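Text of the file protein32.cif, holding mmCIF, C-alpha atoms:
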data_target
loop_
_atom_site.label_atom_id
_atom_site.label_comp_id
_atom_site.auth_asym_id
_atom_site.auth_seq_id
_atom_site.Cartn_x
_atom_site.Cartn_y
_atom_site.Cartn_z
CA MET A 241 -21.28 -76.09 -123.51
CA ASP A 242 -18.31 -76.16 -125.91
CA ARG A 243 -16.52 -73.48 -123.91
CA LEU A 244 -17.07 -75.45 -120.70
CA ALA A 245 -15.66 -78.56 -122.38
CA GLU A 246 -12.61 -76.59 -123.56
CA LYS A 247 -11.97 -75.31 -120.03
CA ALA A 248 -12.30 -78.82 -118.65
CA CYS A 249 -9.86 -80.19 -121.23
CA ALA A 250 -7.39 -77.39 -120.51
CA ARG A 251 -7.58 -78.09 -116.78
CA ILE A 252 -7.19 -81.83 -117.27
CA SER A 253 -4.14 -81.29 -119.49
CA THR A 254 -2.33 -79.62 -116.58
CA TYR A 255 -2.35 -82.83 -114.58
CA PRO A 256 0.44 -85.39 -115.16
CA ASP A 257 -0.48 -88.45 -117.19
CA HIS A 258 1.09 -90.71 -114.55
CA VAL A 259 2.45 -90.53 -111.01
CA VAL A 260 5.69 -92.24 -109.99
CA TYR A 261 6.05 -93.24 -106.37
CA GLY A 262 8.08 -95.54 -104.15
CA GLN A 263 7.74 -96.75 -100.58
CA VAL A 264 9.68 -96.09 -97.42
CA THR A 265 11.80 -99.10 -96.40
CA LYS A 266 13.90 -97.62 -93.58
CA VAL A 267 14.07 -94.52 -91.38
CA LEU A 268 17.32 -93.94 -89.52
CA GLY A 269 17.69 -90.59 -87.80
CA LEU A 270 17.10 -87.97 -90.50
CA LEU A 271 17.84 -90.42 -93.31
CA VAL A 272 14.98 -92.10 -95.16
CA GLU A 273 15.41 -95.01 -97.58
CA ILE A 274 12.83 -95.66 -100.31
CA ALA A 275 12.49 -98.40 -102.93
CA GLY A 276 10.33 -99.04 -105.97
CA PHE A 277 11.17 -95.89 -107.92
CA GLY A 278 12.72 -97.45 -111.02
CA ARG A 279 15.06 -95.11 -112.91
CA ASP A 280 13.15 -91.91 -112.25
CA LEU A 281 15.35 -90.53 -109.47
CA THR A 282 18.68 -88.70 -109.53
CA VAL A 283 20.71 -86.96 -106.84
CA GLY A 284 18.90 -83.69 -106.10
CA SER A 285 15.44 -84.97 -107.11
CA MET A 286 12.51 -83.87 -104.95
CA VAL A 287 10.36 -86.53 -103.29
CA HIS A 288 7.21 -85.92 -101.21
CA LEU A 289 6.36 -88.29 -98.36
CA ARG A 290 2.64 -88.40 -97.57
CA PRO A 291 1.84 -90.23 -94.35
CA GLN A 292 -1.63 -88.70 -94.43
CA ALA A 293 -3.80 -87.17 -97.11
CA ASP A 294 -3.43 -83.68 -95.63
CA ARG A 295 0.27 -83.85 -94.75
CA ASP A 296 3.25 -83.55 -97.07
CA VAL A 297 6.92 -83.87 -96.11
CA PRO A 298 9.21 -82.67 -98.92
CA CYS A 299 12.58 -84.45 -99.16
CA GLU A 300 15.61 -84.40 -101.41
CA VAL A 301 17.58 -87.33 -102.77
CA VAL A 302 21.12 -87.13 -101.38
CA GLY A 303 22.46 -90.49 -102.58
CA PHE A 304 21.83 -94.16 -103.37
CA ARG A 305 22.75 -97.37 -101.57
CA ASP A 306 21.96 -100.99 -102.54
CA ASP A 307 19.14 -100.11 -104.96
CA ARG A 308 17.63 -97.74 -102.43
CA ALA A 309 17.37 -93.97 -102.66
CA LEU A 310 18.55 -91.99 -99.62
CA LEU A 311 16.42 -88.97 -98.73
CA MET A 312 16.75 -86.15 -96.24
CA PRO A 313 13.66 -84.14 -95.20
CA PHE A 314 12.90 -80.43 -95.24
CA GLY A 315 10.68 -80.91 -92.18
CA PRO A 316 10.04 -83.21 -89.21
CA LEU A 317 9.58 -86.94 -89.85
CA GLU A 318 6.89 -87.57 -87.25
CA GLY A 319 4.30 -89.95 -88.68
CA ILE A 320 6.60 -91.39 -91.36
CA GLY A 321 6.81 -95.20 -91.19
CA LEU A 322 7.53 -98.27 -93.27
CA GLY A 323 5.42 -98.49 -96.41
CA CYS A 324 4.67 -94.75 -96.49
CA ARG A 325 4.28 -93.62 -100.09
CA ALA A 326 6.97 -91.41 -101.59
CA TYR A 327 5.79 -89.39 -104.60
CA ILE A 328 8.47 -88.30 -107.04
CA GLN A 329 8.47 -84.74 -108.39
CA ASP A 330 9.55 -84.87 -112.01
CA LYS A 331 10.44 -81.17 -112.31
CA GLN A 332 13.65 -79.42 -111.31
CA PRO A 333 13.16 -77.29 -108.15
CA VAL A 334 12.62 -73.68 -109.26
CA VAL A 335 11.27 -70.43 -107.84
CA PHE A 336 9.37 -67.59 -109.51
CA PRO A 337 10.65 -64.34 -107.96
CA ASN A 338 8.79 -61.11 -108.49
CA GLU A 339 9.45 -57.39 -107.97
CA LYS A 340 6.72 -57.51 -105.30
CA TRP A 341 8.96 -59.71 -103.16
CA LEU A 342 10.77 -56.53 -102.06
CA GLY A 343 9.96 -55.83 -98.44
CA ARG A 344 9.05 -59.46 -97.75
CA VAL A 345 10.50 -62.14 -95.47
CA VAL A 346 10.37 -65.75 -96.68
CA ASN A 347 11.64 -69.15 -95.61
CA ALA A 348 13.91 -71.52 -97.55
CA LEU A 349 10.92 -72.89 -99.50
CA ALA A 350 10.01 -69.37 -100.71
CA GLN A 351 6.96 -69.30 -98.43
CA PRO A 352 6.13 -66.00 -96.69
CA ILE A 353 6.72 -65.92 -92.92
CA ASP A 354 5.99 -62.23 -92.30
CA GLY A 355 2.20 -62.51 -92.05
CA LEU A 356 1.64 -60.21 -95.03
CA GLY A 357 -0.21 -62.71 -97.21
CA PRO A 358 0.85 -64.85 -100.17
CA LEU A 359 3.77 -63.95 -102.42
CA ALA A 360 3.15 -62.78 -105.97
CA GLN A 361 4.68 -65.23 -108.44
CA GLY A 362 6.74 -64.04 -111.38
CA ALA A 363 6.68 -65.35 -114.94
CA VAL A 364 10.33 -66.47 -115.09
CA ALA A 365 11.48 -69.67 -113.39
CA VAL A 366 14.89 -69.51 -111.69
CA PRO A 367 16.46 -72.86 -110.71
CA LEU A 368 17.43 -73.15 -107.05
CA LYS A 369 20.73 -74.76 -107.98
CA ASN A 370 21.52 -72.49 -110.87
CA ALA A 371 24.87 -72.56 -112.65
CA ALA A 372 27.15 -69.53 -112.64
CA PRO A 373 27.35 -67.54 -115.91
CA LEU A 374 30.01 -68.76 -118.33
CA ALA A 375 33.37 -67.25 -117.46
CA HIS A 376 34.08 -65.93 -120.98
CA ALA A 377 30.62 -64.34 -121.24
CA ARG A 378 30.64 -62.42 -117.96
CA GLN A 379 31.23 -58.71 -117.76
CA ARG A 380 34.09 -57.31 -115.71
CA VAL A 381 33.49 -55.77 -112.30
CA GLY A 382 32.17 -52.24 -112.50
CA GLU A 383 32.85 -48.99 -110.69
CA LYS A 384 32.99 -48.46 -106.94
CA LEU A 385 29.92 -49.35 -104.87
CA ASP A 386 29.23 -47.08 -101.91
CA LEU A 387 28.28 -49.18 -98.85
CA GLY A 388 27.95 -46.29 -96.41
CA VAL A 389 30.56 -47.66 -93.97
CA ARG A 390 33.75 -45.57 -93.66
CA ALA A 391 36.13 -48.40 -92.79
CA VAL A 392 34.93 -50.49 -95.74
CA ASN A 393 34.65 -47.66 -98.27
CA SER A 394 38.12 -46.32 -97.48
CA PHE A 395 40.23 -49.42 -96.82
CA THR A 396 38.48 -52.34 -98.57
CA THR A 397 36.61 -50.55 -101.34
CA LEU A 398 34.23 -52.80 -103.29
CA CYS A 399 33.32 -52.59 -106.96
CA LYS A 400 29.98 -53.63 -108.45
CA GLY A 401 30.05 -57.37 -109.00
CA GLN A 402 32.83 -58.07 -106.51
CA ARG A 403 32.53 -60.84 -103.89
CA MET A 404 33.90 -60.24 -100.41
CA GLY A 405 34.19 -62.44 -97.33
CA ILE A 406 33.67 -61.06 -93.82
CA PHE A 407 35.64 -63.19 -91.34
CA ALA A 408 34.71 -62.88 -87.68
CA GLY A 409 34.13 -64.85 -84.51
CA SER A 410 30.77 -64.96 -82.80
CA GLY A 411 29.59 -61.74 -81.17
CA VAL A 412 32.10 -59.46 -82.91
CA GLY A 413 29.45 -57.44 -84.79
CA LYS A 414 29.23 -58.86 -88.31
CA SER A 415 25.40 -58.85 -88.34
CA VAL A 416 25.31 -55.15 -87.44
CA LEU A 417 27.89 -54.45 -90.16
CA LEU A 418 25.69 -56.24 -92.70
CA SER A 419 22.64 -54.26 -91.61
CA MET A 420 24.53 -50.98 -92.05
CA MET A 421 25.47 -51.98 -95.60
CA ALA A 422 21.88 -53.00 -96.36
CA LYS A 423 20.55 -49.62 -95.17
CA TYR A 424 23.15 -47.34 -96.67
CA THR A 425 24.26 -49.00 -99.91
CA GLU A 426 23.60 -47.32 -103.23
CA ALA A 427 22.69 -50.70 -104.77
CA GLU A 428 19.14 -50.83 -106.10
CA VAL A 429 18.14 -54.13 -104.47
CA THR A 430 19.42 -55.99 -101.41
CA VAL A 431 18.91 -59.74 -100.95
CA ILE A 432 19.69 -60.97 -97.45
CA GLY A 433 20.11 -64.63 -96.53
CA LEU A 434 20.06 -65.47 -92.81
CA VAL A 435 21.32 -69.05 -92.82
CA GLY A 436 21.22 -70.91 -89.51
CA GLU A 437 20.46 -67.68 -87.63
CA ARG A 438 19.29 -67.64 -84.00
CA GLY A 439 15.49 -67.48 -84.04
CA ARG A 440 15.20 -64.73 -81.43
CA GLU A 441 17.60 -62.47 -83.36
CA VAL A 442 15.67 -62.45 -86.65
CA GLN A 443 13.03 -59.96 -85.50
CA GLU A 444 15.69 -57.81 -83.85
CA PHE A 445 17.65 -57.75 -87.10
CA LEU A 446 14.58 -56.79 -89.14
CA GLU A 447 13.24 -54.10 -86.80
CA ASP A 448 16.30 -52.64 -85.04
CA ASP A 449 19.18 -53.20 -87.43
CA LEU A 450 17.61 -53.21 -90.90
CA GLY A 451 14.65 -50.93 -90.23
CA GLU A 452 11.69 -50.06 -92.44
CA ASP A 453 13.74 -48.21 -95.07
CA GLY A 454 16.26 -51.03 -95.42
CA LEU A 455 13.56 -53.71 -95.57
CA ALA A 456 11.56 -51.81 -98.21
CA ARG A 457 14.19 -52.50 -100.88
CA SER A 458 15.23 -55.92 -99.58
CA VAL A 459 14.18 -59.54 -99.79
CA VAL A 460 15.05 -61.49 -96.64
CA ILE A 461 15.38 -65.29 -96.67
CA VAL A 462 15.44 -66.94 -93.22
CA ALA A 463 16.34 -70.45 -92.07
CA THR A 464 16.93 -70.62 -88.32
CA GLY A 465 19.45 -72.90 -86.65
CA ASP A 466 16.80 -75.35 -85.41
CA GLU A 467 15.58 -76.15 -88.93
CA PRO A 468 16.76 -79.28 -90.80
CA ALA A 469 20.06 -79.17 -92.66
CA LEU A 470 18.32 -79.16 -96.05
CA MET A 471 16.37 -76.02 -95.11
CA ARG A 472 19.54 -74.23 -94.05
CA ARG A 473 21.34 -75.22 -97.23
CA GLN A 474 18.37 -74.33 -99.42
CA ALA A 475 18.13 -70.87 -97.83
CA ALA A 476 21.57 -70.14 -99.29
CA TYR A 477 20.53 -71.44 -102.73
CA LEU A 478 17.32 -69.40 -102.64
CA THR A 479 19.24 -66.25 -101.68
CA LEU A 480 21.38 -66.52 -104.81
CA SER A 481 18.38 -67.44 -107.01
CA VAL A 482 16.47 -64.31 -105.95
CA ALA A 483 19.59 -62.18 -106.47
CA GLU A 484 20.05 -63.72 -109.95
CA TYR A 485 16.47 -62.80 -110.87
CA PHE A 486 17.06 -59.12 -110.10
CA ARG A 487 20.48 -59.20 -111.81
CA ALA A 488 18.77 -60.50 -114.97
CA GLN A 489 16.48 -57.42 -114.80
CA GLY A 490 19.58 -55.24 -115.17
CA LYS A 491 19.69 -54.16 -111.52
CA GLN A 492 22.66 -53.70 -109.23
CA VAL A 493 22.12 -56.20 -106.41
CA LEU A 494 23.83 -56.37 -103.03
CA CYS A 495 23.68 -59.97 -101.77
CA LEU A 496 24.37 -60.38 -98.04
CA MET A 497 24.64 -63.87 -96.54
CA ASP A 498 25.11 -64.66 -92.87
CA SER A 499 26.71 -67.11 -92.75
CA VAL A 500 28.52 -69.27 -95.29
CA THR A 501 29.91 -71.34 -92.42
CA ARG A 502 26.45 -72.52 -91.42
CA PHE A 503 25.78 -73.43 -95.06
CA ALA A 504 28.95 -75.54 -94.97
CA MET A 505 27.88 -77.15 -91.69
CA ALA A 506 24.52 -78.06 -93.21
CA GLN A 507 26.30 -79.59 -96.20
CA ARG A 508 28.51 -81.52 -93.77
CA GLU A 509 25.43 -83.01 -92.07
CA ILE A 510 23.97 -84.01 -95.42
CA GLY A 511 27.19 -85.49 -96.77
CA LEU A 512 27.98 -87.51 -93.67
CA SER A 513 24.41 -88.84 -93.49
CA ALA A 514 24.71 -89.98 -97.11
CA GLY A 515 27.89 -91.92 -96.25
CA GLU A 516 30.60 -89.56 -97.54
CA PRO A 517 34.01 -89.92 -95.89
CA PRO A 518 34.93 -87.06 -93.53
CA THR A 519 38.07 -85.03 -94.20
CA THR A 520 39.41 -81.96 -92.35
CA LYS A 521 37.28 -81.19 -89.25
CA GLY A 522 34.72 -83.72 -90.48
CA TYR A 523 33.81 -81.84 -93.67
CA PRO A 524 33.24 -84.24 -96.59
CA PRO A 525 34.77 -83.40 -100.00
CA THR A 526 31.47 -82.17 -101.48
CA THR A 527 31.35 -79.31 -98.98
CA PHE A 528 34.20 -77.43 -100.63
CA GLY A 529 32.85 -78.04 -104.12
CA GLU A 530 29.41 -76.75 -103.07
CA LEU A 531 31.00 -73.64 -101.56
CA ALA A 532 32.68 -72.79 -104.85
CA ARG A 533 29.49 -73.41 -106.85
CA LEU A 534 27.46 -71.23 -104.49
CA LEU A 535 29.85 -68.27 -104.35
CA GLU A 536 30.62 -68.29 -108.09
CA ARG A 537 26.93 -67.56 -108.78
CA ALA A 538 27.47 -64.03 -107.46
CA GLY A 539 29.34 -61.47 -109.52
CA PRO A 540 28.74 -59.66 -112.80
CA GLY A 541 26.17 -61.01 -115.23
CA VAL A 542 26.46 -61.37 -118.98
CA GLN A 543 26.13 -58.42 -121.35
CA GLY A 544 22.91 -56.49 -120.69
CA GLU A 545 22.49 -57.73 -117.13
CA GLY A 546 23.33 -56.09 -113.82
CA ALA A 547 25.70 -57.45 -111.19
CA ILE A 548 25.52 -59.17 -107.82
CA THR A 549 27.93 -57.70 -105.30
CA GLY A 550 28.31 -60.39 -102.64
CA MET A 551 29.16 -60.02 -98.96
CA PHE A 552 29.46 -63.44 -97.32
CA THR A 553 30.19 -63.78 -93.62
CA VAL A 554 32.37 -66.59 -92.32
CA LEU A 555 31.89 -67.57 -88.68
CA VAL A 556 35.46 -68.25 -87.60
CA GLU A 557 35.41 -71.14 -85.11
CA GLY A 558 37.47 -70.43 -82.01
CA ASP A 559 38.75 -67.21 -83.66
CA ASP A 560 40.96 -69.42 -85.86
CA HIS A 561 41.16 -67.61 -89.19
CA ASN A 562 42.94 -70.58 -90.78
CA GLU A 563 40.25 -73.21 -90.19
CA PRO A 564 39.10 -75.12 -93.35
CA ILE A 565 36.02 -73.09 -94.31
CA SER A 566 37.86 -69.77 -93.85
CA ASP A 567 40.73 -71.00 -96.00
CA SER A 568 38.40 -72.25 -98.71
CA VAL A 569 36.26 -69.10 -98.87
CA ARG A 570 39.32 -66.84 -98.86
CA GLY A 571 40.56 -68.61 -101.99
CA ILE A 572 37.22 -68.16 -103.81
CA VAL A 573 36.16 -64.59 -103.08
CA ASP A 574 37.68 -61.33 -104.30
CA GLY A 575 38.89 -60.03 -100.98
CA HIS A 576 38.28 -60.35 -97.26
CA ILE A 577 37.33 -58.16 -94.32
CA VAL A 578 38.78 -59.37 -91.01
CA MET A 579 36.93 -58.49 -87.80
CA GLU A 580 38.77 -59.13 -84.54
CA ARG A 581 37.54 -59.64 -80.99
CA ALA A 582 40.45 -57.64 -79.53
CA ILE A 583 39.32 -54.56 -81.48
CA ALA A 584 35.72 -55.04 -80.35
CA ASP A 585 36.91 -55.44 -76.75
CA ARG A 586 38.38 -51.95 -76.80
CA GLY A 587 35.06 -50.50 -77.97
CA ARG A 588 35.74 -49.78 -81.62
CA TYR A 589 32.89 -50.85 -83.93
CA PRO A 590 32.84 -52.06 -86.61
CA ALA A 591 35.79 -54.11 -85.31
CA ILE A 592 37.61 -54.28 -88.67
CA ASN A 593 41.36 -54.85 -88.78
CA VAL A 594 42.16 -52.71 -91.80
CA LEU A 595 45.75 -53.98 -92.02
CA LYS A 596 44.65 -57.60 -92.44
CA SER A 597 41.72 -56.82 -94.75
CA VAL A 598 42.20 -56.89 -98.51
CA SER A 599 40.11 -55.90 -101.54
CA ARG A 600 41.31 -57.33 -104.84
CA SER A 601 39.78 -54.43 -106.77
CA LEU A 602 42.49 -52.16 -105.38
CA PRO A 603 44.36 -50.08 -106.35
CA LYS A 604 42.58 -49.86 -109.73
CA ALA A 605 39.33 -48.71 -108.11
CA PHE A 606 41.02 -45.65 -106.55
CA THR A 607 41.65 -42.24 -108.01
CA PRO A 608 45.25 -40.96 -107.58
CA ASP A 609 44.16 -38.83 -104.59
CA GLN A 610 42.37 -41.75 -102.95
CA GLN A 611 45.33 -44.05 -103.52
CA ALA A 612 47.71 -41.55 -101.87
CA ILE A 613 45.42 -41.15 -98.83
CA PHE A 614 44.90 -44.91 -98.55
CA ARG A 615 48.64 -45.63 -98.67
CA LYS A 616 49.48 -42.92 -96.14
CA SER A 617 46.73 -44.08 -93.75
CA LYS A 618 47.95 -47.68 -93.75
CA GLN A 619 51.54 -46.53 -93.18
CA VAL A 620 50.45 -44.51 -90.14
CA ILE A 621 48.36 -47.36 -88.67
CA SER A 622 51.13 -49.88 -89.30
CA ALA A 623 53.80 -47.64 -87.74
CA TYR A 624 51.75 -47.14 -84.60
CA GLU A 625 50.67 -50.77 -84.15
CA ASN A 626 54.23 -52.05 -84.65
CA MET A 627 55.34 -49.92 -81.69
CA ALA A 628 52.08 -50.07 -79.71
CA GLU A 629 53.45 -52.05 -76.76
CA LEU A 630 56.44 -49.75 -76.30
CA ILE A 631 54.23 -46.65 -76.63
CA GLN A 632 51.75 -47.93 -74.05
CA LEU A 633 54.56 -48.87 -71.63
CA GLY A 634 56.13 -45.44 -72.05
CA ALA A 635 59.34 -46.99 -73.35
CA TYR A 636 59.30 -45.22 -76.70
CA ARG A 637 61.26 -41.98 -76.89
CA ARG A 638 59.91 -39.26 -79.12
CA GLY A 639 62.32 -38.40 -81.92
CA SER A 640 63.54 -41.97 -82.37
CA ASP A 641 61.48 -42.41 -85.55
CA PRO A 642 59.68 -39.54 -87.36
CA ASN A 643 57.07 -41.92 -88.78
CA VAL A 644 56.17 -43.22 -85.32
CA ASP A 645 56.09 -39.66 -83.94
CA GLU A 646 53.57 -38.70 -86.62
CA ALA A 647 51.57 -41.87 -86.01
CA ILE A 648 51.29 -41.11 -82.27
CA LEU A 649 49.75 -37.72 -83.11
CA VAL A 650 47.15 -38.85 -85.65
CA TYR A 651 46.38 -42.47 -84.62
CA PRO A 652 43.65 -41.51 -82.10
CA GLN A 653 41.89 -39.52 -84.82
CA ILE A 654 42.10 -42.47 -87.24
CA GLU A 655 40.64 -44.75 -84.53
CA GLU A 656 37.78 -42.28 -84.17
CA PHE A 657 37.37 -42.24 -87.96
CA LEU A 658 37.11 -46.03 -88.06
CA THR A 659 34.45 -46.01 -85.31
CA GLN A 660 30.93 -45.70 -86.71
CA ASN A 661 27.58 -46.17 -85.00
CA LYS A 662 24.95 -48.13 -86.90
CA GLY A 663 22.85 -44.98 -87.23
CA ASP A 664 25.62 -43.06 -89.04
CA HIS A 665 26.04 -42.90 -92.81
CA SER A 666 29.19 -41.87 -94.65
CA THR A 667 29.78 -41.72 -98.41
CA ILE A 668 33.05 -42.63 -100.10
CA ASP A 669 33.98 -38.99 -100.74
CA GLU A 670 33.07 -37.92 -97.21
CA GLY A 671 35.29 -40.65 -95.81
CA PHE A 672 38.32 -39.77 -97.92
CA ALA A 673 37.85 -36.05 -97.26
CA ARG A 674 37.90 -36.68 -93.51
CA LEU A 675 40.95 -38.94 -93.76
CA ALA A 676 42.76 -36.31 -95.82
CA GLU A 677 41.98 -33.70 -93.16
CA ILE A 678 43.37 -35.96 -90.41
CA LEU A 679 46.56 -36.61 -92.40
CA GLY A 680 46.99 -33.01 -93.58
CA MET A 681 46.58 -33.98 -97.26
CA GLU A 682 44.52 -32.56 -100.09
CA TYR A 683 41.50 -34.34 -101.58
CA ASN A 684 39.48 -33.17 -104.56
CA ILE A 685 35.96 -34.53 -104.14
CA GLY A 686 34.28 -35.99 -107.22
CA THR A 687 37.36 -36.28 -109.42
CA ASP A 688 38.22 -39.54 -111.20
#
Would you mind writing the file out in structure tokens?
Amino acid sequence: MDRLAEKACARISTYPDHVVYGQVTKVLGLLVEIAGFGRDLTVGSMVHLRPQADRDVPCEVVGFRDDRALLMPFGPLEGIGLGCRAYIQDKQPVVFPNEKWLGRVVNALAQPIDGLGPLAQGAVAVPLKNAAPLAHARQRVGEKLDLGVRAVNSFTTLCKGQRMGIFAGSGVGKSVLLSMMAKYTEAEVTVIGLVGERGREVQEFLEDDLGEDGLARSVVIVATGDEPALMRRQAAYLTLSVAEYFRAQGKQVLCLMDSVTRFAMAQREIGLSAGEPPTTKGYPPTTFGELARLLERAGPGVQGEGAITGMFTVLVEGDDHNEPISDSVRGIVDGHIVMERAIADRGRYPAINVLKSVSRSLPKAFTPDQQAIFRKSKQVISAYENMAELIQLGAYRRGSDPNVDEAILVYPQIEEFLTQNKGDHSTIDEGFARLAEILGMEYNIGTD
């Protein structure tokens, strides 16, 4: 009897001693106003609307106006009306990642959507809107990280803990490039965030591009383009939270997010709904601050932790690489990979413009041999592309410039080198050895 009483007391103690709730006073589009909450709400607080006993609509506080709290929902608002109760969640939104999440596909609320049953919950809570590690406490970026893609390994080499932007228009092949990195990287864990993705493409990405082997060591977070703005934004937050959990375990994590632009668009919807003034292309000021806070969470951890190597795609609107989100992301990350439609149109995939792409870990990440091959390769590509129109018109005369003459001979082989099917895998050393052979240079594999 005593044991039963103890269990009952323990169970009762888990329930809150009081419940704070308000009432809906206005619904306008996707914006809900509530009143009667006292001082218990702040921006970012979670509120649950319950139009019926068996239905719950989670919302987030995005602002205040005239003693009313402004909410945006994570789901549809059907059934929500005036006087509907709004229950206030007094805890900060957190998730409890677990090693058993590897191989799983979840939504922005960390709920499984792959039909494989419930997710195992870990013991450590990770805030969804976590702060980046303190700048003075972070480790420096580590050694080179092999991503299995020749063009990236050889011309925009990444180091462990580096953050890179992939800038491309729609349909240029950035999703396939991400899937190649996820399959072939030497990182221990891959966390993939599909933010605002087309619904029909998710299964294709998982089965055709990522494959069973890639999925087995990955956690995939999905928020499709038809979901509310809060879900799309939260998918990005959850992606970083899961990556931070594995980084804290001392693992090397590759974090792939497609795309940061859709995260920014979701933030634009939220900010404008809350009454923020629009600035360039309608983006409110908070959008650029949120971008920096999100991307700074990736990178090396503190002493004893691993690192998050981040690859963040930017969907360049109208192929304008100077639009506001592209400019902002370029100033935050540690390098950028530029993919161009003109290169894709001539059948070379991945369609990376190696002359416009930059990795800020270079040249320190290279060995002397690699640096010499890298420099020579870019000189050859640059020499050819500067004279490409004259060469194609037949107006260039051989012997006019020895550098161009050499470029004409080896450029087709370099184009072939930069072409890589999604089923091919190439290590860093294999890539440099092949480049050295094309250029007639020596390369000692495995030397630092």
Which residue out of A:Ile592, A:Val267, A:Ile685, A:Ile631 has the minimum interatomic distance to Thr396 (chain A) when all atoms listed in the file are used?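 Of all the options, A:Ile592 lies closest to Thr396 (chain A).
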Residues within 10 Å of Pro373 (chain A), only C-alpha atoms, excluding chain neighbours under 6 positions, as a list in words: Gln379, Glu536, Arg537, Ala538, Gly539, Pro540, Gly541 and Val542 of chain A
Please return as number ranges by chain every residue within 12 Å of (0.1, -60.1, -100.1), taking into account only C-alpha atoms and the file's own coordinates. A: 340-345, 351-361
May I have the residues from that selection written out with C-alpha atoms, as a PDB file, in the coordinates of the input?
ATOM      1  CA  LYS A 340       6.720 -57.510-105.300  1.00  0.00           C
ATOM      2  CA  TRP A 341       8.960 -59.710-103.160  1.00  0.00           C
ATOM      3  CA  LEU A 342      10.770 -56.530-102.060  1.00  0.00           C
ATOM      4  CA  GLY A 343       9.960 -55.830 -98.440  1.00  0.00           C
ATOM      5  CA  ARG A 344       9.050 -59.460 -97.750  1.00  0.00           C
ATOM      6  CA  VAL A 345      10.500 -62.140 -95.470  1.00  0.00           C
ATOM      7  CA  GLN A 351       6.960 -69.300 -98.430  1.00  0.00           C
ATOM      8  CA  PRO A 352       6.130 -66.000 -96.690  1.00  0.00           C
ATOM      9  CA  ILE A 353       6.720 -65.920 -92.920  1.00  0.00           C
ATOM     10  CA  ASP A 354       5.990 -62.230 -92.300  1.00  0.00           C
ATOM     11  CA  GLY A 355       2.200 -62.510 -92.050  1.00  0.00           C
ATOM     12  CA  LEU A 356       1.640 -60.210 -95.030  1.00  0.00           C
ATOM     13  CA  GLY A 357      -0.210 -62.710 -97.210  1.00  0.00           C
ATOM     14  CA  PRO A 358       0.850 -64.850-100.170  1.00  0.00           C
ATOM     15  CA  LEU A 359       3.770 -63.950-102.420  1.00  0.00           C
ATOM     16  CA  ALA A 360       3.150 -62.780-105.970  1.00  0.00           C
ATOM     17  CA  GLN A 361       4.680 -65.230-108.440  1.00  0.00           C
TER      18      GLN A 361
END
To one decimal place in Å, what is the distance between CA of Gly663 (chain A) and CA of Arg581 (chain A)?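 Taking CA of Gly663 (chain A) and CA of Arg581 (chain A), their separation equals 21.7 Å.
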Kindly provide the residues of region 632-674 of chain A that approach region 417-424 of chain A to within 9 Å, each paired with its closest atom pair and their distance in Å to one decimal, based on all atoms listed in the file, listed by chain and increasing number, as a Markdown table.
| residue | atom | partner | partner_atom | distance |
| --- | --- | --- | --- | --- |
| A:Lys662 | CA | A:Met420 | CA | 5.9 |
| A:Gly663 | CA | A:Met420 | CA | 7.9 |
| A:Asp664 | CA | A:Met420 | CA | 8.5 |
| A:His665 | CA | A:Tyr424 | CA | 6.6 |
| A:Ser666 | CA | A:Tyr424 | CA | 8.4 |
| A:Thr667 | CA | A:Tyr424 | CA | 8.9 |
Can you give me, as a PDB file with C-alpha atoms, keeping the file's coordinate frame, the residues this file yields under the PyMOL selection byres ((chain A and resi 288) around 8)?
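part32.pdb written:
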ATOM      1  CA  MET A 286      12.510 -83.870-104.950  1.00  0.00           C
ATOM      2  CA  VAL A 287      10.360 -86.530-103.290  1.00  0.00           C
ATOM      3  CA  LEU A 289       6.360 -88.290 -98.360  1.00  0.00           C
ATOM      4  CA  ARG A 290       2.640 -88.400 -97.570  1.00  0.00           C
ATOM      5  CA  ASP A 296       3.250 -83.550 -97.070  1.00  0.00           C
ATOM      6  CA  VAL A 297       6.920 -83.870 -96.110  1.00  0.00           C
ATOM      7  CA  PRO A 298       9.210 -82.670 -98.920  1.00  0.00           C
ATOM      8  CA  CYS A 299      12.580 -84.450 -99.160  1.00  0.00           C
ATOM      9  CA  ALA A 326       6.970 -91.410-101.590  1.00  0.00           C
ATOM     10  CA  TYR A 327       5.790 -89.390-104.600  1.00  0.00           C
ATOM     11  CA  ILE A 328       8.470 -88.300-107.040  1.00  0.00           C
ATOM     12  CA  GLN A 329       8.470 -84.740-108.390  1.00  0.00           C
TER      13      GLN A 329
END
Expressed in Å to a single decimal, how great is the separation between CA of Ser601 (chain A) and CA of Ile654 (chain A)?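 CA of Ser601 (chain A) sits 23.0 Å away from CA of Ile654 (chain A).
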Have a look at A:Ala372, A:Met505, A:Ala676, A:Val260 and name the one nearest to Gln611 (chain A); count all atoms listed in the file.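 Looking at the shortest contact to Gln611 (chain A), the residue is A:Ala676.
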Between A:Ala275, A:Val429, A:Leu385, A:Met681, which one has atoms that come closest to Leu310 (chain A), using all atoms listed in the file?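 Nearest candidate to Leu310 (chain A) out of A:Ala275, A:Val429, A:Leu385, A:Met681: A:Ala275.
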I'd like the neighbourhood of Glu509 (chain A) as a PyMOL selection string, where a residue qualifies if any of its atoms comes within 12 Å (using only C-alpha atoms), though same-chain residues fewer than 4 positions away should be ignored. chain A and resi 269-271+302+312+468-473+502-505+513-518+522-524+526-527
Atomic separation - CA of Glu318 (chain A) relative to CA of Arg305 (chain A), Å: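 Value for the CA of Arg305 (chain A)-CA of Glu318 (chain A) distance: 23.5 Å.
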